[in-house]
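Peer 1: Handing over work_29.tsv, TSV, C-alpha atoms and all ligand atoms.
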```
chain	number	residue	atom	x	y	z
A	1	MET	CA	-11.03	-1.39	-25.88
A	2	LYS	CA	-14.74	-1.01	-25.14
A	3	ASP	CA	-16.05	1.89	-23.02
A	4	ILE	CA	-15.53	1.35	-19.31
A	5	GLU	CA	-18.87	1.35	-17.51
A	6	SER	CA	-17.94	-0.73	-14.47
A	7	VAL	CA	-14.78	-1.06	-12.40
A	8	HIS	CA	-13.68	-3.49	-9.71
A	9	LEU	CA	-10.98	-2.24	-7.37
A	10	VAL	CA	-8.92	-4.80	-5.47
A	11	TYR	CA	-6.63	-3.36	-2.82
A	12	PHE	CA	-4.52	-4.17	0.19
A	13	SER	CA	-3.74	-1.61	2.88
A	14	GLY	CA	-1.76	-2.22	6.05
A	15	THR	CA	-1.96	1.13	7.82
A	16	GLY	CA	-4.63	3.06	5.93
A	17	GLY	CA	-2.72	5.04	3.26
A	18	THR	CA	-3.74	2.81	0.37
A	19	ALA	CA	-7.28	2.58	1.76
A	20	LEU	CA	-7.49	6.39	1.58
A	21	ILE	CA	-6.46	6.30	-2.08
A	22	ALA	CA	-8.95	3.48	-2.75
A	23	GLU	CA	-11.74	5.63	-1.32
A	24	SER	CA	-10.63	8.61	-3.40
A	25	ILE	CA	-10.59	6.52	-6.62
A	26	VAL	CA	-13.99	4.97	-5.86
A	27	ASN	CA	-15.51	8.44	-5.32
A	28	ALA	CA	-13.96	9.87	-8.49
A	29	LEU	CA	-15.29	6.95	-10.55
A	30	ALA	CA	-18.75	7.08	-8.97
A	31	LYS	CA	-18.90	10.84	-9.70
A	32	ARG	CA	-18.48	9.98	-13.38
A	33	GLY	CA	-21.40	7.53	-13.25
A	34	ILE	CA	-19.19	4.42	-13.33
A	35	GLU	CA	-20.45	1.38	-11.43
A	36	VAL	CA	-17.75	0.55	-8.85
A	37	SER	CA	-17.25	-2.45	-6.61
A	38	LYS	CA	-14.24	-3.23	-4.44
A	39	THR	CA	-12.50	-5.99	-2.56
A	40	GLU	CA	-10.19	-5.22	0.33
A	41	LEU	CA	-7.67	-8.02	0.76
A	42	ASN	CA	-8.32	-8.26	4.45
A	43	THR	CA	-9.13	-11.85	5.33
A	44	ALA	CA	-11.92	-11.36	2.75
A	45	ASP	CA	-13.19	-14.27	0.72
A	46	HIS	CA	-11.82	-14.36	-2.78
A	47	LYS	CA	-14.26	-12.97	-5.35
A	48	ASP	CA	-13.76	-13.09	-9.09
A	49	ILE	CA	-14.59	-9.87	-10.80
A	50	ALA	CA	-17.35	-9.02	-13.21
A	51	ALA	CA	-16.47	-5.55	-14.48
A	52	ASP	CA	-14.99	-3.82	-17.54
A	53	LEU	CA	-11.80	-2.88	-15.69
A	54	LEU	CA	-9.78	-4.29	-12.80
A	55	ILE	CA	-7.74	-1.83	-10.73
A	56	MET	CA	-5.11	-3.47	-8.52
A	57	LEU	CA	-3.85	-1.11	-5.80
A	58	TYR	CA	-1.28	-1.88	-3.09
A	59	PRO	CA	1.60	-0.44	-1.05
A	60	VAL	CA	5.22	-1.02	-2.04
A	61	TYR	CA	6.95	-3.42	0.34
A	62	ILE	CA	10.69	-3.32	-0.49
A	63	MET	CA	10.67	-3.55	-4.28
A	64	THR	CA	7.53	-5.61	-4.45
A	65	SER	CA	3.85	-6.10	-3.59
A	66	PRO	CA	2.32	-7.48	-0.37
A	67	LYS	CA	1.67	-11.23	-0.45
A	68	PRO	CA	-2.19	-10.95	-0.41
A	69	VAL	CA	-2.03	-9.28	-3.85
A	70	ASP	CA	-0.12	-12.21	-5.34
A	71	GLU	CA	-2.45	-14.67	-3.66
A	72	TRP	CA	-5.52	-12.93	-5.11
A	73	ILE	CA	-4.12	-13.08	-8.62
A	74	ASP	CA	-3.04	-16.71	-8.20
A	75	CYS	CA	-6.56	-17.71	-7.11
A	76	SER	CA	-8.44	-15.66	-9.70
A	77	ALA	CA	-9.94	-17.18	-12.82
A	78	ALA	CA	-8.30	-16.69	-16.21
A	79	VAL	CA	-9.81	-13.88	-18.29
A	80	ASP	CA	-9.81	-13.04	-21.97
A	81	ASP	CA	-7.99	-9.73	-22.49
A	82	LEU	CA	-9.82	-7.94	-19.66
A	83	PRO	CA	-8.37	-4.42	-19.15
A	84	ALA	CA	-6.42	-3.92	-15.93
A	85	ALA	CA	-4.61	-1.04	-14.21
A	86	VAL	CA	-1.89	-1.51	-11.60
A	87	ILE	CA	-1.19	1.25	-9.07
A	88	SER	CA	1.43	0.96	-6.36
A	89	VAL	CA	1.66	3.30	-3.37
A	90	SER	CA	4.98	4.22	-1.85
A	91	GLY	CA	6.51	6.57	0.67
A	92	GLY	CA	9.40	7.56	-1.60
A	93	GLY	CA	7.88	7.79	-5.06
A	94	GLU	CA	8.92	6.60	-8.48
A	95	ILE	CA	12.65	6.10	-7.88
A	96	PRO	CA	14.59	2.80	-8.02
A	97	PRO	CA	14.04	0.29	-6.46
A	98	ASN	CA	10.39	1.39	-6.01
A	99	THR	CA	10.11	1.42	-9.82
A	100	ALA	CA	10.34	-2.39	-9.68
A	101	SER	CA	7.21	-2.68	-7.54
A	102	ARG	CA	4.72	-3.39	-10.33
A	103	ILE	CA	6.76	-5.69	-12.57
A	104	ALA	CA	5.84	-9.01	-10.93
A	105	VAL	CA	2.18	-8.07	-10.42
A	106	ILE	CA	1.79	-7.03	-14.06
A	107	LYS	CA	3.45	-10.25	-15.21
A	108	LYS	CA	1.11	-12.35	-13.07
A	109	LEU	CA	-1.97	-10.48	-14.32
A	110	GLU	CA	-0.86	-10.83	-17.94
A	111	HIS	CA	-0.34	-14.53	-17.34
A	112	LYS	CA	-4.01	-14.72	-16.27
A	113	GLY	CA	-5.08	-13.02	-19.51
A	114	TYR	CA	-5.41	-9.39	-18.33
A	115	ASP	CA	-4.46	-6.55	-20.66
A	116	VAL	CA	-2.53	-4.26	-18.30
A	117	TYR	CA	-2.67	-0.97	-20.21
A	118	TYR	CA	-2.10	1.44	-17.31
A	119	GLU	CA	0.32	1.68	-14.38
A	120	SER	CA	1.27	4.46	-12.00
A	121	MET	CA	2.33	5.24	-8.46
A	122	PHE	CA	0.76	7.33	-5.73
A	123	ILE	CA	2.64	8.57	-2.67
A	124	MET	CA	1.44	8.55	0.93
A	125	PRO	CA	3.32	9.67	4.06
A	126	ALA	CA	5.65	6.71	4.71
A	127	ASN	CA	5.00	4.30	7.57
A	128	VAL	CA	8.57	3.00	7.53
A	129	PHE	CA	12.21	4.13	8.12
A	130	VAL	CA	11.76	7.90	8.70
A	131	SER	CA	8.75	10.02	9.68
A	132	LEU	CA	7.98	12.81	7.28
A	133	LYS	CA	7.75	16.34	8.62
A	134	ASP	CA	4.14	17.45	8.98
A	135	ASP	CA	4.38	20.12	6.27
A	136	LEU	CA	5.58	17.60	3.68
A	137	ALA	CA	2.96	15.08	4.79
A	138	ALA	CA	0.32	17.84	4.42
A	139	MET	CA	1.40	18.49	0.83
A	140	ILE	CA	1.20	14.78	-0.01
A	141	LEU	CA	-2.24	14.43	1.54
A	142	ARG	CA	-3.57	17.58	-0.13
A	143	ILE	CA	-2.49	16.61	-3.60
A	144	LEU	CA	-4.42	13.32	-3.45
A	145	PRO	CA	-7.69	14.59	-5.05
A	146	SER	CA	-5.90	16.04	-8.08
A	147	LYS	CA	-3.66	12.97	-8.47
A	148	THR	CA	-6.80	10.80	-8.32
A	149	GLU	CA	-8.59	12.92	-10.95
A	150	LYS	CA	-5.61	12.58	-13.27
A	151	ALA	CA	-5.29	8.81	-12.73
A	152	VAL	CA	-9.02	8.21	-13.22
A	153	SER	CA	-9.17	10.31	-16.43
A	154	ASP	CA	-6.12	8.52	-17.79
A	155	MET	CA	-7.55	5.09	-16.96
A	156	LEU	CA	-10.92	5.91	-18.54
A	157	SER	CA	-9.28	7.36	-21.65
A	158	ALA	CA	-7.97	3.83	-22.26
A	159	LYS	CA	-4.67	5.28	-23.50
A	160	ARG	CA	-1.76	2.86	-23.04
A	161	MET	CA	0.34	4.18	-20.14
A	162	ARG	CA	3.00	1.63	-19.26
A	163	ALA	CA	6.28	2.58	-17.61
A	164	LYS	CA	9.62	1.60	-19.10
A	165	PRO	CA	11.46	-0.34	-16.38
A	166	PHE	CA	14.85	0.98	-15.30
A	167	PHE	CA	17.99	-1.06	-15.99
A	168	LEU	CA	18.05	-2.92	-12.66
A	169	ASP	CA	14.29	-3.12	-12.05
A	170	ARG	CA	13.89	-6.71	-13.24
A	171	ILE	CA	16.65	-7.80	-10.84
A	172	PHE	CA	15.03	-5.81	-8.00
A	173	ALA	CA	11.68	-7.45	-8.83
A	174	LYS	CA	13.27	-10.92	-8.58
A	175	LEU	CA	14.94	-10.01	-5.28
A	176	GLY	CA	11.59	-8.75	-3.98
A	177	ALA	CA	9.91	-12.03	-4.92
A	178	LEU	CA	12.67	-14.02	-3.18
A	179	GLU	CA	12.34	-11.88	-0.06
A	180	LYS	CA	8.58	-12.46	-0.05
A	181	ARG	CA	8.98	-16.21	-0.41
A	182	SER	CA	10.98	-16.22	2.80
A	183	GLY	CA	8.23	-14.10	4.42
A	184	GLY	CA	5.87	-14.93	7.24
A	185	SER	CA	8.66	-14.75	9.77
A	186	PHE	CA	8.48	-11.01	10.43
A	187	ALA	CA	6.21	-11.59	13.43
A	188	LYS	CA	9.07	-13.48	15.13
A	189	ASN	CA	10.45	-9.99	15.85
A	190	LEU	CA	7.30	-8.93	17.69
A	191	LYS	CA	6.86	-9.17	21.45
A	192	VAL	CA	4.22	-7.94	23.79
A	193	THR	CA	5.22	-5.64	26.65
A	194	ASP	CA	3.77	-5.22	30.14
A	195	GLY	CA	1.56	-2.42	28.78
A	196	CYS	CA	-0.68	-4.96	27.04
A	197	THR	CA	-4.20	-5.04	28.45
A	198	GLY	CA	-5.31	-8.04	26.42
A	199	CYS	CA	-7.84	-5.84	24.60
A	200	SER	CA	-7.62	-8.00	21.42
A	201	TRP	CA	-7.46	-5.00	19.04
A	202	CYS	CA	-4.45	-6.58	17.33
A	203	LYS	CA	-6.16	-9.94	16.99
A	204	ASN	CA	-9.35	-8.42	15.61
A	205	ASN	CA	-7.55	-6.20	13.08
A	206	CYS	CA	-4.76	-8.36	11.69
A	207	PRO	CA	-5.53	-8.78	7.96
A	208	ARG	CA	-4.21	-12.35	8.08
A	209	ASN	CA	-5.89	-13.60	11.27
A	210	ASN	CA	-2.34	-14.24	12.40
A	211	ILE	CA	-2.81	-13.32	16.07
A	212	THR	CA	-4.36	-15.43	18.80
A	213	ILE	CA	-4.93	-14.32	22.37
A	214	ILE	CA	-3.60	-16.90	24.80
A	215	ASP	CA	-3.80	-16.32	28.56
A	216	GLY	CA	-4.83	-12.71	27.84
A	217	LYS	CA	-1.83	-11.88	25.62
A	218	PRO	CA	-1.29	-11.94	21.85
A	219	VAL	CA	0.67	-14.75	20.26
A	220	TRP	CA	1.77	-14.35	16.63
A	221	GLY	CA	1.53	-17.16	14.10
A	222	GLY	CA	3.58	-17.76	10.95
A	223	ASP	CA	1.39	-15.98	8.39
A	224	CYS	CA	2.49	-12.38	8.87
A	225	VAL	CA	2.72	-10.08	5.82
A	226	ASN	CA	4.66	-7.37	7.71
A	227	CYS	CA	1.97	-4.75	7.26
A	228	PHE	CA	2.78	-3.09	10.65
A	229	ARG	CA	-0.93	-2.68	11.45
A	230	CYS	CA	-0.77	-4.40	14.82
A	231	ILE	CA	2.38	-2.47	15.82
A	232	TYR	CA	1.06	1.01	15.02
A	233	GLY	CA	-2.57	0.28	15.82
A	234	CYS	CA	-2.21	-1.16	19.33
A	235	PRO	CA	-4.05	1.37	21.51
A	236	HIS	CA	-1.50	0.89	24.32
A	237	LYS	CA	1.65	0.87	22.17
A	238	ALA	CA	2.40	-2.46	23.79
A	239	ILE	CA	4.11	-4.24	20.88
A	240	SER	CA	7.90	-4.07	20.74
A	241	VAL	CA	9.98	-4.90	17.68
A	242	SER	CA	13.46	-6.41	17.85
A	243	GLY	CA	16.34	-7.17	15.48
A	244	PHE	CA	16.70	-5.58	12.05
A	245	ALA	CA	12.95	-4.97	11.91
A	246	GLU	CA	13.27	-2.40	14.71
A	247	LYS	CA	15.04	-0.04	12.28
A	248	LEU	CA	12.01	-0.06	9.99
A	249	ILE	CA	9.53	1.10	12.60
A	250	LEU	CA	8.86	4.80	13.12
A	251	LYS	CA	9.89	5.77	16.67
A	252	ASN	CA	6.81	7.94	17.20
A	253	GLY	CA	4.44	5.44	15.60
A	254	PHE	CA	2.25	5.99	12.57
A	255	ASP	CA	-1.33	7.21	12.82
A	256	LEU	CA	-2.67	8.43	9.49
A	257	GLN	CA	-5.91	9.75	10.94
A	258	ALA	CA	-4.07	11.83	13.53
A	259	LEU	CA	-1.72	13.08	10.78
A	260	GLN	CA	-4.71	14.13	8.66
A	261	GLU	CA	-6.28	15.93	11.60
A	262	ARG	CA	-3.00	17.66	12.49
A	263	THR	CA	-2.23	18.85	8.99
A	264	GLN	CA	-5.62	19.75	7.53
A	265	TYR	CA	-5.59	23.33	8.82
A	266	MET	CA	-1.91	24.07	8.15
A	267	ILE	CA	-2.05	27.25	6.13
A	268	GLU	CA	1.43	28.32	5.14
A	269	LEU	CA	3.34	25.46	3.56
A	270	PRO	CA	6.98	26.00	2.52
A	271	PRO	CA	8.22	25.41	-1.04
A	272	VAL	CA	8.63	21.70	-1.82
A	273	GLU	CA	12.39	22.11	-2.47
A	274	GLN	CA	12.88	23.45	1.04
A	275	VAL	CA	11.40	20.42	2.84
A	276	ALA	CA	12.19	17.63	0.37
A	277	LYS	CA	15.93	17.87	-0.22
A	278	GLY	CA	18.36	15.21	-1.49
A	279	TYR	CA	18.13	11.99	-3.50
A	280	LEU	CA	15.82	10.21	-1.06
A	281	PHE	CA	13.17	12.86	-1.65
A	282	LYS	CA	13.62	13.03	-5.43
A	283	GLY	CA	10.50	10.93	-6.07
A	284	ILE	CA	8.39	13.02	-3.69
A	285	ARG	CA	9.62	16.28	-5.27
A	286	LYS	CA	8.70	15.05	-8.72
A	287	TYR	CA	5.28	13.83	-7.54
A	288	LEU	CA	4.45	17.15	-5.91
A	289	ASN	CA	5.84	19.35	-8.69
A	290	ASP	CA	4.39	17.47	-11.69
B	1	LIG	C1	7.34	-3.73	5.15
B	1	LIG	C2	7.26	-2.41	4.44
B	1	LIG	C3	8.15	-2.12	3.43
B	1	LIG	C4	8.10	-0.89	2.77
B	1	LIG	N1	8.97	-0.66	1.76
B	1	LIG	C5	8.94	0.53	1.12
B	1	LIG	C6	9.85	0.79	0.07
B	1	LIG	O1	10.68	-0.05	-0.29
B	1	LIG	N2	9.80	2.00	-0.55
B	1	LIG	C7	8.88	2.96	-0.18
B	1	LIG	O2	8.90	4.05	-0.77
B	1	LIG	N3	8.01	2.74	0.82
B	1	LIG	C8	8.01	1.55	1.46
B	1	LIG	N4	7.10	1.30	2.47
B	1	LIG	C9	6.15	2.35	2.81
B	1	LIG	C10	4.76	2.08	2.27
B	1	LIG	O3	4.79	1.68	0.93
B	1	LIG	C11	3.90	3.34	2.39
B	1	LIG	O4	3.99	3.90	3.66
B	1	LIG	C12	2.44	3.05	2.06
B	1	LIG	O5	1.74	4.27	2.02
B	1	LIG	C13	1.80	2.15	3.10
B	1	LIG	O6	0.47	1.89	2.72
B	1	LIG	P1	-0.64	1.42	3.76
B	1	LIG	O7	-0.77	2.54	4.78
B	1	LIG	O8	-1.85	1.27	2.92
B	1	LIG	O9	-0.17	0.17	4.37
B	1	LIG	C14	7.13	0.08	3.13
B	1	LIG	C15	6.23	-0.22	4.16
B	1	LIG	C16	6.28	-1.44	4.80
B	1	LIG	C17	5.30	-1.73	5.88
B	2	LIG	S1	-3.77	-4.41	20.82
B	2	LIG	FE1	-2.07	-4.06	22.21
B	2	LIG	S2	-2.98	-4.01	24.25
B	2	LIG	FE2	-4.49	-4.94	22.88
B	2	LIG	S3	-4.08	-7.16	23.04
B	2	LIG	FE3	-2.89	-6.41	21.32
B	2	LIG	S4	-0.86	-5.94	22.16
B	2	LIG	FE4	-2.28	-6.12	23.89
B	3	LIG	S1	0.73	-9.91	12.61
B	3	LIG	FE1	0.73	-7.66	12.61
B	3	LIG	S2	2.24	-7.11	11.02
B	3	LIG	FE2	1.72	-9.29	10.72
B	3	LIG	S3	0.05	-9.31	9.23
B	3	LIG	FE3	-0.91	-9.24	11.26
B	3	LIG	S4	-1.24	-7.07	11.71
B	3	LIG	FE4	0.21	-7.21	9.99
```
Re-express the file's structure as structure tokens.
Ligand SMILES: Cc1cc2nc3c(=O)[nH]c(=O)nc-3n(C[C@H](O)[C@H](O)[C@H](O)COP(=O)(O)O)c2cc1C
Ligand code: SF4
Ligand code: SF4
Peer 2:
Amino acid sequence: MKDIESVHLVYFSGTGGTALIAESIVNALAKRGIEVSKTELNTADHKDIAADLLIMLYPVYIMTSPKPVDEWIDCSAAVDDLPAAVISVSGGGEIPPNTASRIAVIKKLEHKGYDVYYESMFIMPANVFVSLKDDLAAMILRILPSKTEKAVSDMLSAKRMRAKPFFLDRIFAKLGALEKRSGGSFAKNLKVTDGCTGCSWCKNNCPRNNITIIDGKPVWGGDCVNCFRCIYGCPHKAISVSGFAEKLILKNGFDLQALQERTQYMIELPPVEQVAKGYLFKGIRKYLND
């Protein structure tokens, strides 16, 4: 593999966690004198890349990648053995079924002619199921610079770093793809409450342009990628979620910036084992202790 002098980072981020990692990777590469460009999959026009390395970065959505990632790969031109790295971002870490989250993306990239020589996972405070305690979130946020340094050095070393899928991962990956094919309907669970002021924040920030304001209120279309941005980002908390989807949403919302501000001055953090107990936290424990 030739020396990497330029990198193009393609990423999708619903609620800001992956965007924070993207920024950290861009800075670490730029510090090393690498030319970096990036595409955020956010209603952006598709651009083919002209760089020595493609980094594909995205959050884990139940065993798989968000739809915009697949769409970008489907639309991109075939390449001839161009190096690529795939990084997924999860709330729970490298435990099944999260371990299945890169299989389909890697397969698609390889089909286009990419040489995917590197894969890994970052963790961010989860925006789904259960809110993390602030001290654990603080540890995850604080470890980001050193995790980025490690990932960037590994990617630039060009050493082959591919994970061995777990026994059921290929089945999980197929289930994830099936679930995504039936997607788009998540927004059917969303309703606007009386608190809505018609401010249009949701319309202006949806990464799919899936929201229209009609008679001063948002109306959702059929191209939702369940990123939760409109739900958590509404300045008046005026979007309610019904059905099964309600269980996914954090009761107190998710505001990464506020979390960063709240946790940046926390001085005494407890041992990881004390705040991350049980199987569900196994991936986070490993990530923080490695
Ligand atoms: C629809 C949806 C499904 C998710 N599924 C998983 C999952 O299966 N496992 C996991 O660890 N985290 C899961 N997450 C959490 C995200 O991967 C995690 O919070 C990530 O940091 C979000 O990135 P973002 O802030 O860039 O959108 C899910 C989030 C969403 C919105
Ligand atoms: S962001 Fe909230 S308040 Fe503003 S239009 Fe959308 S739902 Fe209404
Ligand atoms: S409608 Fe809401 S949840 Fe769906 S893609 Fe747009 S911002 Fe994300």
Peer 1: Ranking A:Asp215, A:Gly253, A:Ser240, A:Cys199 by minimum distance to ligand LIG 2 (chain B) and counting all atoms listed in the file, which one comes first?
Peer 2: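 With all atoms listed in the file as the atom set, the closest residue is A:Cys199.
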Peer 1: Give the residue list for ligand LIG 1 (chain B) at 9 Å, counting only C-alpha atoms and all ligand atoms, as a VMD selection string, sorted by chain and then by residue number.
Peer 2: chain A and resid 11 to 21 58 to 64 66 88 to 98 101 122 to 129 225 to 229 245 248 to 249 256 283
Peer 1: Pick out the closest residue to ligand LIG 3 (chain B) from this set: A:Val192, A:Leu269, A:Leu280, A:Ala158. Count all atoms listed in the file.
Peer 2: A:Val192
Peer 1: If we count only C-alpha atoms, what is near Ala77 (chain A) at a cut-off of 12 Å, once residues fewer than 6 positions away on the same chain are taken out, given as a short mmCIF file (atom, residue, chain, number, x, y, z; two decimals) with C-alpha atoms, keeping the file's coordinate frame?
Peer 2:
```
data_model
loop_
_atom_site.label_atom_id
_atom_site.label_comp_id
_atom_site.auth_asym_id
_atom_site.auth_seq_id
_atom_site.Cartn_x
_atom_site.Cartn_y
_atom_site.Cartn_z
CA HIS A 46 -11.82 -14.36 -2.78
CA LYS A 47 -14.26 -12.97 -5.35
CA ASP A 48 -13.76 -13.09 -9.09
CA ILE A 49 -14.59 -9.87 -10.80
CA ALA A 50 -17.35 -9.02 -13.21
CA LEU A 109 -1.97 -10.48 -14.32
CA HIS A 111 -0.34 -14.53 -17.34
CA LYS A 112 -4.01 -14.72 -16.27
CA GLY A 113 -5.08 -13.02 -19.51
CA TYR A 114 -5.41 -9.39 -18.33
#
```
Peer 1: Work out how far apart CA of Met155 (chain A) and CA of Ala173 (chain A) are and give it in Å to one decimal.
Peer 2: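 Interatomic distance here is 24.4 Å.
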Peer 1: For ligand LIG 2 (chain B), list the contacting residues at 8 Å or closer, counting only C-alpha atoms and all ligand atoms, as a list in words.
Peer 2: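 Those within range of ligand LIG 2 (chain B) are Val192, Thr193, Gly195, Cys196, Thr197, Gly198, Cys199, Ser200, Trp201, Cys202, Lys203, Ile213, Gly216, Lys217, Pro218, Cys230, Ile231, Gly233, Cys234, Pro235, His236, Lys237, Ala238 and Ile239 of chain A.
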Peer 1: For CA of Arg32 (chain A) and CA of Thr148 (chain A), quote the distance in Å rounded to one decimal.
Peer 2: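 A separation of 12.8 Å between them.
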Peer 1: As AutoDock Vina command-line options, please report the centre and edge lengths, rounded to one decimal in Å, of the axis-aligned box that holds all listed atoms of region 87-97 of chain A with 6 Å of padding on each of the six sides.
Peer 2:
```
--center_x 6.7 --center_y 4.0 --center_z -4.2 --size_x 27.8 --size_y 19.5 --size_z 21.7
```
Peer 1: CA of Pro68 (chain A) to CA of Thr39 (chain A): how many Å, to one decimal?
Peer 2: 11.6 Å
Peer 1: Measuring between only C-alpha atoms and all ligand atoms, which one of A:Phe281, A:Phe244, A:Tyr287, A:Phe186 shows the shortest distance to ligand LIG 3 (chain B)?
Peer 2: A:Phe186
Peer 1: Counting only C-alpha atoms, figure out which residue out of A:Ile211, A:Leu57, A:Val241, A:Ile25 gets nearest to Leu190 (chain A).
Peer 2: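 Of all the options, A:Val241 lies closest to Leu190 (chain A).
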Peer 1: Tell me which of A:Asn189, A:Ser131, A:Ser76, A:Ser6 sits closest to ligand LIG 3 (chain B), counting all atoms listed in the file.
Peer 2: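 Of A:Asn189, A:Ser131, A:Ser76, A:Ser6, the one nearest ligand LIG 3 (chain B) is A:Asn189, counting all atoms listed in the file.
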Peer 1: Compare A:Lys107, A:Lys251, A:Lys188, A:Lys286 by their minimum atom-to-atom distance to ligand LIG 3 (chain B), counting only C-alpha atoms and all ligand atoms, and give me the closest one.
Peer 2: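 Selected residue with least distance to ligand LIG 3 (chain B): A:Lys188.
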